[in-house]
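The structure file work17.cif is reproduced below (mmCIF, C-alpha atoms (C1' of nucleotides)).
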data_final
loop_
_atom_site.label_atom_id
_atom_site.label_comp_id
_atom_site.auth_asym_id
_atom_site.auth_seq_id
_atom_site.Cartn_x
_atom_site.Cartn_y
_atom_site.Cartn_z
CA MET X 1 0.00 0.00 0.00
CA GLN X 2 2.69 2.42 0.94
CA GLN X 3 4.76 0.86 -1.82
CA THR X 4 4.04 3.63 -4.28
CA ALA X 5 5.51 6.22 -1.95
CA LEU X 6 8.47 4.05 -1.12
CA ILE X 7 10.77 5.15 -3.90
CA PRO X 8 14.11 5.89 -2.27
CA VAL X 9 15.53 9.35 -2.67
CA GLU X 10 18.58 7.63 -4.09
CA ASP X 11 16.57 6.31 -7.01
CA ALA X 12 15.56 9.83 -7.92
CA ALA X 13 19.24 10.70 -8.09
CA VAL X 14 19.85 7.68 -10.29
CA ALA X 15 17.00 8.72 -12.57
CA ALA X 16 18.31 12.27 -12.81
CA GLY X 17 21.78 10.98 -13.58
CA PHE X 18 20.44 8.69 -16.27
CA GLU X 19 18.40 11.51 -17.75
CA ARG X 20 21.53 13.55 -18.18
CA PHE X 21 23.54 10.57 -19.36
CA PHE X 22 20.93 9.74 -21.98
CA GLU X 23 21.51 13.12 -23.55
CA THR X 24 25.24 12.59 -23.34
CA LEU X 25 24.94 9.32 -25.22
CA ARG X 26 22.58 10.87 -27.73
CA ARG X 27 25.21 13.46 -28.47
CA ILE X 28 28.02 11.05 -29.15
CA THR X 29 25.83 8.73 -31.20
CA PRO X 30 26.69 8.87 -34.90
CA ARG X 31 23.69 10.29 -36.73
CA GLU X 32 24.59 9.55 -40.30
CA GLU X 33 23.62 6.37 -42.11
CA LEU X 34 21.15 4.94 -39.59
CA SER X 35 18.24 6.35 -37.60
CA LEU X 36 17.96 5.44 -33.93
CA THR X 37 15.24 2.90 -34.58
CA ALA X 38 17.04 1.46 -37.58
CA ALA X 39 20.25 1.03 -35.59
CA SER X 40 18.44 -0.49 -32.64
CA THR X 41 16.54 -2.92 -34.85
CA LEU X 42 19.66 -3.99 -36.71
CA ARG X 43 21.45 -4.65 -33.43
CA ARG X 44 18.51 -6.70 -32.25
CA LEU X 45 18.60 -8.74 -35.44
CA GLU X 46 22.33 -9.19 -34.97
CA ARG X 47 22.03 -10.17 -31.32
CA SER X 48 19.17 -12.60 -31.43
CA GLY X 49 18.72 -13.99 -34.86
CA PRO X 50 15.88 -13.61 -37.38
CA TYR X 51 12.57 -12.22 -36.23
CA ARG X 52 9.11 -12.29 -37.65
CA LEU X 53 7.99 -8.77 -38.38
CA CYS X 54 5.16 -9.07 -35.88
CA GLU X 55 7.63 -9.90 -33.11
CA LEU X 56 9.83 -6.99 -34.02
CA TYR X 57 7.80 -3.81 -33.84
CA ALA X 58 6.51 -3.98 -30.26
CA PRO X 59 9.91 -4.34 -28.54
CA GLU X 60 11.25 -1.54 -30.70
CA GLY X 61 8.39 0.63 -29.56
CA VAL X 62 7.02 1.51 -32.98
CA SER X 63 3.82 0.69 -34.83
CA GLN X 64 3.55 -2.20 -37.26
CA PRO X 65 3.42 0.03 -40.36
CA ALA X 66 6.55 1.80 -39.17
CA MET X 67 8.36 -1.53 -38.92
CA THR X 68 7.16 -2.61 -42.37
CA GLN X 69 8.55 0.62 -43.79
CA LEU X 70 11.78 0.34 -41.83
CA VAL X 71 12.36 -3.20 -43.07
CA THR X 72 11.63 -2.04 -46.61
CA ARG X 73 14.25 0.69 -46.24
CA LEU X 74 16.80 -1.65 -44.68
CA GLU X 75 16.17 -4.14 -47.46
CA LYS X 76 16.60 -1.47 -50.12
CA GLU X 77 19.96 -0.56 -48.57
CA GLY X 78 20.94 -4.22 -48.42
CA LEU X 79 21.25 -4.25 -44.62
CA ALA X 80 18.45 -6.72 -43.93
CA GLU X 81 16.38 -9.19 -45.88
CA ARG X 82 12.84 -10.49 -45.93
CA ARG X 83 12.04 -14.15 -46.37
CA SER X 84 8.70 -15.85 -46.18
CA ASP X 85 8.10 -18.28 -43.35
CA PRO X 86 7.57 -21.75 -44.84
CA ALA X 87 5.51 -22.69 -41.80
CA ASP X 88 3.18 -19.67 -41.98
CA GLY X 89 2.29 -18.10 -45.28
CA ARG X 90 1.23 -14.84 -43.68
CA ALA X 91 4.48 -14.20 -41.90
CA VAL X 92 7.65 -12.45 -43.03
CA VAL X 93 10.95 -13.38 -41.45
CA VAL X 94 13.52 -10.59 -41.21
CA SER X 95 17.23 -11.19 -40.86
CA ILE X 96 20.39 -9.09 -40.95
CA THR X 97 22.79 -9.33 -43.88
CA GLU X 98 26.56 -9.18 -43.90
CA ALA X 99 26.37 -5.56 -44.99
CA GLY X 100 24.04 -4.98 -42.05
CA ARG X 101 26.54 -6.45 -39.62
CA ALA X 102 29.21 -4.25 -41.15
CA ALA X 103 27.04 -1.16 -40.66
CA VAL X 104 26.46 -2.07 -37.03
CA ALA X 105 30.19 -2.57 -36.57
CA ARG X 106 30.98 0.80 -38.14
CA ARG X 107 28.56 2.51 -35.85
CA ARG X 108 29.96 0.75 -32.83
CA GLU X 109 33.46 1.75 -33.90
CA GLY X 110 32.38 5.35 -34.22
CA ARG X 111 31.08 5.32 -30.69
CA VAL X 112 34.28 3.74 -29.41
CA GLN X 113 36.28 6.51 -31.05
CA ALA X 114 34.07 9.21 -29.58
CA LEU X 115 34.22 7.65 -26.14
CA SER X 116 37.85 6.74 -25.92
CA GLY X 117 38.96 10.33 -25.85
CA LEU X 118 36.54 11.11 -23.07
CA LEU X 119 37.40 8.07 -20.99
CA GLN X 120 41.03 9.10 -20.91
CA ASP X 121 40.05 12.32 -19.20
CA LEU X 122 38.45 10.49 -16.30
CA THR X 123 40.36 9.77 -13.13
CA PRO X 124 41.32 6.13 -12.64
CA ALA X 125 38.73 5.92 -9.87
CA GLU X 126 35.97 7.21 -12.11
CA HIS X 127 37.03 4.88 -14.88
CA ALA X 128 36.98 1.94 -12.49
CA ALA X 129 33.53 2.92 -11.22
CA LEU X 130 32.22 2.89 -14.78
CA VAL X 131 33.63 -0.54 -15.51
CA ALA X 132 32.25 -1.82 -12.23
CA ALA X 133 28.77 -0.58 -13.14
CA LEU X 134 28.64 -2.26 -16.55
CA PRO X 135 27.08 -5.53 -15.32
CA ALA X 136 24.35 -3.57 -13.56
CA LEU X 137 23.65 -1.59 -16.73
CA GLU X 138 23.36 -4.83 -18.65
CA ARG X 139 20.98 -6.26 -16.06
CA LEU X 140 18.81 -3.17 -16.44
CA GLY X 141 18.77 -3.78 -20.17
CA ASP X 142 17.64 -7.36 -19.66
CA LEU X 143 14.94 -6.26 -17.25
CA VAL X 144 13.58 -3.68 -19.66
CA ALA X 145 13.68 -6.19 -22.51
CA GLU X 146 11.47 -8.65 -20.71
CA GLN X 147 8.99 -6.02 -19.63
CA PRO X 148 5.35 -6.53 -20.71
CA THR X 149 5.20 -3.72 -23.30
CA THR X 150 5.50 -0.41 -21.63
CA MET L 1 51.93 7.77 -33.23
CA GLN L 2 50.77 4.51 -31.81
CA GLN L 3 48.18 6.53 -29.94
CA THR L 4 45.40 5.69 -32.36
CA ALA L 5 45.85 1.97 -31.77
CA LEU L 6 46.08 2.45 -28.04
CA ILE L 7 42.43 2.20 -27.20
CA PRO L 8 42.18 -0.28 -24.35
CA VAL L 9 40.08 -3.36 -24.88
CA GLU L 10 38.22 -2.31 -21.78
CA ASP L 11 37.02 0.84 -23.49
CA ALA L 12 35.46 -1.22 -26.23
CA ALA L 13 33.53 -3.07 -23.55
CA VAL L 14 32.43 0.22 -22.04
CA ALA L 15 31.31 1.43 -25.46
CA ALA L 16 29.37 -1.76 -26.12
CA GLY L 17 27.74 -1.52 -22.70
CA PHE L 18 26.78 2.09 -23.31
CA GLU L 19 25.39 1.22 -26.72
CA ARG L 20 23.07 -1.29 -25.17
CA PHE L 21 22.24 1.01 -22.28
CA PHE L 22 21.39 3.83 -24.64
CA GLU L 23 18.65 1.67 -26.12
CA THR L 24 17.50 0.75 -22.65
CA LEU L 25 17.14 4.41 -21.75
CA ARG L 26 15.45 5.18 -25.03
CA ARG L 27 12.89 2.54 -24.24
CA ILE L 28 11.97 3.87 -20.82
CA THR L 29 11.91 7.48 -22.01
CA PRO L 30 8.38 8.87 -22.17
CA ARG L 31 7.61 9.68 -25.79
CA GLU L 32 4.43 11.68 -25.47
CA GLU L 33 4.35 15.45 -25.11
CA LEU L 34 8.00 16.20 -25.94
CA SER L 35 10.40 15.11 -28.65
CA LEU L 36 13.93 14.17 -27.64
CA THR L 37 15.36 17.48 -28.80
CA ALA L 38 12.54 19.44 -27.22
CA ALA L 39 13.07 17.71 -23.88
CA SER L 40 16.82 18.15 -24.02
CA THR L 41 16.51 21.83 -24.90
CA LEU L 42 14.01 22.49 -22.14
CA ARG L 43 16.28 20.81 -19.60
CA ARG L 44 19.17 22.93 -20.81
CA LEU L 45 17.11 26.06 -20.42
CA GLU L 46 16.13 24.90 -16.95
CA ARG L 47 19.67 24.03 -15.94
CA SER L 48 21.55 27.04 -17.16
CA GLY L 49 19.26 29.97 -17.59
CA PRO L 50 18.19 31.86 -20.71
CA TYR L 51 20.07 31.36 -23.94
CA ARG L 52 20.29 33.31 -27.12
CA LEU L 53 18.98 31.22 -29.96
CA CYS L 54 22.35 31.23 -31.67
CA GLU L 55 23.96 29.69 -28.58
CA LEU L 56 21.32 27.02 -28.36
CA TYR L 57 21.26 25.10 -31.61
CA ALA L 58 24.88 23.94 -31.84
CA PRO L 59 25.06 22.23 -28.44
CA GLU L 60 21.75 20.54 -29.14
CA GLY L 61 23.15 19.24 -32.38
CA VAL L 62 20.52 20.66 -34.72
CA SER L 63 20.55 23.33 -37.40
CA GLN L 64 19.62 26.91 -36.67
CA PRO L 65 16.29 26.76 -38.52
CA ALA L 66 15.41 23.63 -36.57
CA MET L 67 15.96 25.52 -33.33
CA THR L 68 13.90 28.47 -34.54
CA GLN L 69 11.06 26.08 -35.29
CA LEU L 70 11.47 24.22 -32.02
CA VAL L 71 11.34 27.46 -30.04
CA THR L 72 8.25 28.48 -32.01
CA ARG L 73 6.58 25.20 -31.07
CA LEU L 74 7.63 25.44 -27.42
CA GLU L 75 6.35 28.99 -27.32
CA LYS L 76 3.04 27.97 -28.84
CA GLU L 77 2.67 25.34 -26.12
CA GLY L 78 3.63 27.86 -23.45
CA LEU L 79 6.72 25.94 -22.37
CA ALA L 80 9.28 28.57 -23.37
CA GLU L 81 9.29 32.22 -24.32
CA ARG L 82 11.13 34.52 -26.66
CA ARG L 83 12.30 37.93 -25.59
CA SER L 84 14.36 40.37 -27.56
CA ASP L 85 17.82 41.17 -26.29
CA PRO L 86 17.90 44.87 -25.34
CA ALA L 87 21.65 44.87 -25.95
CA ASP L 88 21.46 43.35 -29.45
CA GLY L 89 18.51 44.00 -31.71
CA ARG L 90 19.23 40.96 -33.86
CA ALA L 91 19.21 38.47 -31.03
CA VAL L 92 16.37 36.53 -29.44
CA VAL L 93 16.67 35.34 -25.86
CA VAL L 94 14.88 32.09 -25.03
CA SER L 95 13.87 31.12 -21.53
CA ILE L 96 11.79 28.39 -19.93
CA THR L 97 8.40 29.15 -18.40
CA GLU L 98 6.79 27.74 -15.29
CA ALA L 99 4.75 25.41 -17.50
CA GLY L 100 7.99 24.35 -19.11
CA ARG L 101 9.53 23.49 -15.75
CA ALA L 102 6.41 21.52 -14.92
CA ALA L 103 6.68 19.56 -18.17
CA VAL L 104 10.31 18.75 -17.43
CA ALA L 105 9.35 17.64 -13.94
CA ARG L 106 6.56 15.41 -15.26
CA ARG L 107 8.93 13.77 -17.65
CA ARG L 108 11.50 13.25 -14.97
CA GLU L 109 8.85 11.77 -12.71
CA GLY L 110 7.80 9.38 -15.46
CA ARG L 111 11.35 8.17 -15.77
CA VAL L 112 11.67 7.74 -12.02
CA GLN L 113 8.52 5.62 -12.02
CA ALA L 114 9.75 3.48 -14.88
CA LEU L 115 13.14 3.03 -13.26
CA SER L 116 12.14 2.43 -9.68
CA GLY L 117 10.55 -0.87 -10.48
CA LEU L 118 13.64 -2.01 -12.30
CA LEU L 119 16.07 -0.85 -9.65
CA GLN L 120 14.32 -2.96 -7.05
CA ASP L 121 15.08 -6.05 -9.07
CA LEU L 122 18.81 -5.42 -8.92
CA THR L 123 20.97 -7.02 -6.28
CA PRO L 124 22.24 -4.64 -3.59
CA ALA L 125 25.71 -4.92 -5.09
CA GLU L 126 24.48 -3.95 -8.56
CA HIS L 127 22.49 -1.09 -7.10
CA ALA L 128 25.52 0.15 -5.22
CA ALA L 129 27.68 -0.09 -8.33
CA LEU L 130 25.20 2.11 -10.19
CA VAL L 131 25.15 4.74 -7.49
CA ALA L 132 28.94 4.66 -7.33
CA ALA L 133 29.16 5.28 -11.08
CA LEU L 134 26.90 8.33 -11.10
CA PRO L 135 29.67 10.91 -10.61
CA ALA L 136 31.62 9.38 -13.47
CA LEU L 137 28.55 9.55 -15.71
CA GLU L 138 28.14 13.19 -14.80
CA ARG L 139 31.79 13.89 -15.58
CA LEU L 140 31.31 12.31 -18.99
CA GLY L 141 28.37 14.63 -19.54
CA ASP L 142 30.48 17.64 -18.65
CA LEU L 143 33.26 16.50 -20.95
CA VAL L 144 30.88 16.06 -23.88
CA ALA L 145 29.29 19.43 -23.18
CA GLU L 146 32.57 21.28 -23.48
CA GLN L 147 33.59 19.47 -26.64
CA PRO L 148 34.32 21.64 -29.73
CA THR L 149 31.18 20.73 -31.71
CA THR L 150 31.31 17.14 -32.70
"C1'" DC O 1 26.91 59.11 -41.99
"C1'" DC O 2 26.66 55.89 -45.81
"C1'" DT O 3 28.60 51.41 -47.96
"C1'" DG O 4 29.49 46.91 -47.46
"C1'" DC O 5 30.53 42.83 -44.65
"C1'" DT O 6 29.09 39.95 -40.88
"C1'" DT O 7 25.85 38.07 -37.58
"C1'" DC O 8 21.37 36.58 -36.06
"C1'" DT O 9 16.81 35.01 -36.89
"C1'" DA O 10 13.09 33.64 -39.85
"C1'" DT O 11 10.95 31.57 -43.93
"C1'" DA O 12 10.39 28.17 -47.72
"C1'" DA O 13 10.60 23.73 -49.89
"C1'" DG O 14 11.55 19.11 -49.36
"C1'" DC O 15 12.67 14.67 -47.09
"C1'" DA O 16 12.65 10.98 -43.45
"C1'" DG O 17 10.24 8.51 -40.41
"C1'" DG O 18 6.46 8.23 -37.61
"C1'" DT O 19 0.99 7.62 -36.88
"C1'" DG O 20 -4.03 5.59 -37.39
"C1'" DA O 21 -7.24 3.62 -40.52
"C1'" DT O 22 -7.87 0.24 -43.65
"C1'" DA O 23 -7.12 -3.48 -47.28
"C1'" DT O 24 -5.74 -8.17 -48.31
"C1'" DA O 25 -4.22 -12.75 -47.79
"C1'" DA O 26 -3.31 -16.69 -45.00
"C1'" DA O 27 -4.49 -19.36 -40.91
"C1'" DT O 28 -7.79 -20.89 -37.47
"C1'" DT O 29 -12.21 -21.85 -35.40
"C1'" DC O 30 -16.78 -23.50 -35.04
"C1'" DG C 1 -16.80 -23.90 -45.54
"C1'" DA C 2 -18.26 -19.43 -43.54
"C1'" DA C 3 -16.77 -16.48 -40.07
"C1'" DT C 4 -13.11 -14.78 -37.41
"C1'" DT C 5 -8.46 -13.84 -36.24
"C1'" DT C 6 -3.65 -12.84 -37.43
"C1'" DA C 7 0.21 -10.90 -40.30
"C1'" DT C 8 1.62 -7.69 -43.47
"C1'" DA C 9 1.11 -3.93 -46.62
"C1'" DT C 10 -0.74 0.48 -48.23
"C1'" DC C 11 -2.79 5.08 -47.69
"C1'" DA C 12 -3.19 9.80 -46.16
"C1'" DC C 13 -1.35 12.70 -42.97
"C1'" DC C 14 1.78 14.88 -39.32
"C1'" DT C 15 6.11 16.13 -36.99
"C1'" DG C 16 10.66 17.45 -36.99
"C1'" DC C 17 14.56 17.70 -39.35
"C1'" DT C 18 17.46 19.45 -43.54
"C1'" DT C 19 19.50 23.07 -47.04
"C1'" DA C 20 19.05 27.37 -49.33
"C1'" DT C 21 17.84 31.90 -48.91
"C1'" DA C 22 15.92 36.31 -47.25
"C1'" DG C 23 15.83 40.21 -44.15
"C1'" DA C 24 17.03 42.93 -40.25
"C1'" DA C 25 20.48 44.65 -37.03
"C1'" DG C 26 25.31 45.48 -35.75
"C1'" DC C 27 30.07 46.93 -37.00
"C1'" DA C 28 33.61 48.42 -39.72
"C1'" DG C 29 36.40 51.87 -42.92
"C1'" DG C 30 36.36 55.85 -45.93
#
Give the structure from this file in structure tokens form.
Amino acid sequence: MQQTALIPVEDAAVAAGFERFFETLRRITPREELSLTAASTLRRLERSGPYRLCELYAPEGVSQPAMTQLVTRLEKEGLAERRSDPADGRAVVVSITEAGRAAVARRREGRVQALSGLLQDLTPAEHAALVAALPALERLGDLVAEQPTT
Amino acid sequence: MQQTALIPVEDAAVAAGFERFFETLRRITPREELSLTAASTLRRLERSGPYRLCELYAPEGVSQPAMTQLVTRLEKEGLAERRSDPADGRAVVVSITEAGRAAVARRREGRVQALSGLLQDLTPAEHAALVAALPALERLGDLVAEQPTT
DNA sequence: CCTGCTTCTATAAGCAGGTGATATAAATTC
DNA sequence: GAATTTATATCACCTGCTTATAGAAGCAGG
């Protein structure tokens, strides 16, 4: 009952920090070549294999028409491909291509470059704190991924 | 000379972790009411007082016309206001309104709500690691903010 | 003071990527 | 096998960005 009021003050600080950090990450994210949704979708396809289109749009937080269009664009650029599902004639199975993997790698590399300069300006203690927090960040990612459909 | 090759393996792991975490944050970011740029600009106006329009667009990473349009929209919604600079007849000074502060607060609150549930599912050690990393995240934000204009 | 350059903001035209409503085809149910 | 549900595509429209350009205000030098 009191649960709703029981959000620790500390969590508010974490949320504020993340809010700021989100903008930081947005700034160092390469903008050319891929939109945010396109990049995120490609990484998902890379991480966890082919998806049916209907399984893809909800976790990416866009509508089904948006995903259809995105896949069409990715296909046109050779970064992903559609195949029909032999088991279900209605379905379309989307997978990443080699060129798609390369694009993801380029983007990742760009971020590494942008970050590496910054990381060198941190104190060793700050750097260590970041590395120590990585598993927790990953856990948060897993938790969000398995959420109903916020 | 070898500097370019001297990016520690660890930094690549940090970059990969951030890449994933960026998508996590994007997912729990409220989408209604404010676009990403609009939210970021409003928070900037809240954080560090009024800005001339010409000082505002570069750090937000958009073109000058985009910022003019954004300010027009924000003004129409009552979240920000234009005033002319008495010292420079060409300039426009943009500041956040009370309604704007309220919108920022609502958004922040939404993020706190979305996060608090997740944070409770972390182990105490993970939670502590996050809190310990907050200053480093803030430092990164400062470093990016003072960057030339990437 | 004007003339011409620079700076600051606004406008216009166009594109990318999103939405809801709706069509169509395949699968499923009764 | 007719009716319903599910998966994808298409349509019309909106938002927010881009580049190119215009217009107004400041700041020289002659």
Would you give me, as a Markdown table, each residue of chain L having an atom within 7 Å of an atom of chain X, along with its shortest atom pair and that distance in Å to one decimal, using all atoms listed in the file and sorting by chain and residue number?
| residue | atom | partner | partner_atom | distance |
| --- | --- | --- | --- | --- |
| L:Ile7 | CA | X:Ser116 | CA | 6.6 |
| L:Asp11 | CA | X:Ser116 | CA | 6.4 |
| L:Ala12 | CA | X:Val112 | CA | 6.0 |
| L:Val14 | CA | X:Val131 | CA | 6.7 |
| L:Ala15 | CA | X:Val112 | CA | 5.5 |
| L:Gly17 | CA | X:Leu134 | CA | 6.3 |
| L:Phe21 | CA | X:Gly141 | CA | 6.3 |
| L:Phe22 | CA | X:Phe22 | CA | 6.5 |
| L:Glu23 | CA | X:Ser40 | CA | 6.9 |
| L:Thr24 | CA | X:Gly141 | CA | 5.3 |
| L:Leu25 | CA | X:Phe22 | CA | 6.5 |
| L:Ser40 | CA | X:Glu23 | CA | 6.9 |
| L:Arg111 | CA | X:Ala15 | CA | 6.5 |
| L:Val112 | CA | X:Ala15 | CA | 5.4 |
| L:Leu115 | CA | X:Ala15 | CA | 6.9 |
| L:Ser116 | CA | X:Asp11 | CA | 6.5 |
| L:Leu118 | CA | X:Leu143 | CA | 6.7 |
| L:Glu126 | CA | X:Ala136 | CA | 5.0 |
| L:Ala129 | CA | X:Ala133 | CA | 5.0 |
| L:Leu130 | CA | X:Ala133 | CA | 5.4 |
| L:Val131 | CA | X:Val14 | CA | 6.7 |
| L:Ala132 | CA | X:Ala129 | CA | 6.3 |
| L:Ala133 | CA | X:Ala129 | CA | 5.0 |
| L:Leu134 | CA | X:Gly17 | CA | 6.3 |
| L:Ala136 | CA | X:Glu126 | CA | 5.0 |
| L:Leu137 | CA | X:Phe21 | CA | 6.3 |
| L:Glu138 | CA | X:Gly17 | CA | 6.8 |
| L:Leu140 | CA | X:Leu118 | CA | 6.7 |
| L:Gly141 | CA | X:Thr24 | CA | 5.3 |
| L:Leu143 | CA | X:Leu118 | CA | 6.7 |
| L:Val144 | CA | X:Thr24 | CA | 6.6 |
> Got a sec to pull out which chain L residues are within 12 Å of chain O, counting only C-alpha atoms (C1' of nucleotides), and send them as a count of residues only?
Replying inline: 23
>> Distance cut-off 10 Å, counting only C-alpha atoms (C1' of nucleotides) - which residues of chain C neighbour chain L? Return them as a list of chain:residue names.
In response: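 Taken together, these residues fit the definition: C:DT15, C:DG16, C:DC17, C:DT18, C:DT19, C:DA24, C:DA25, C:DG26.
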> Mind pulling up the distance from atom CA of L:Glu33 to atom C1' of C:DA12?
Replying inline: 23.1 Å
5 Å per side around stretch 17-26 of chain O: axis-aligned box centre and edge lengths, as AutoDock Vina command-line options:
--center_x 1.2 --center_y -4.1 --center_z -42.6 --size_x 28.1 --size_y 35.2 --size_z 21.4
> What separation in Å, quoted to one decimal, exists between atom CA of L:Ser48 and atom CA of L:Ala103?
Replying inline: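 The value is 16.7 Å.
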> Which residue out of L:Glu77, L:Arg83, L:Glu146, L:Leu45 has the minimum interatomic distance to L:Ile96 when only C-alpha atoms are used?
Replying inline: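 That would be L:Leu45, the residue with the smallest distance to L:Ile96.
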> Hey, can you check how far atom CA of X:Tyr57 sits from atom CA of X:Val104?
Replying inline: 19.0 Å
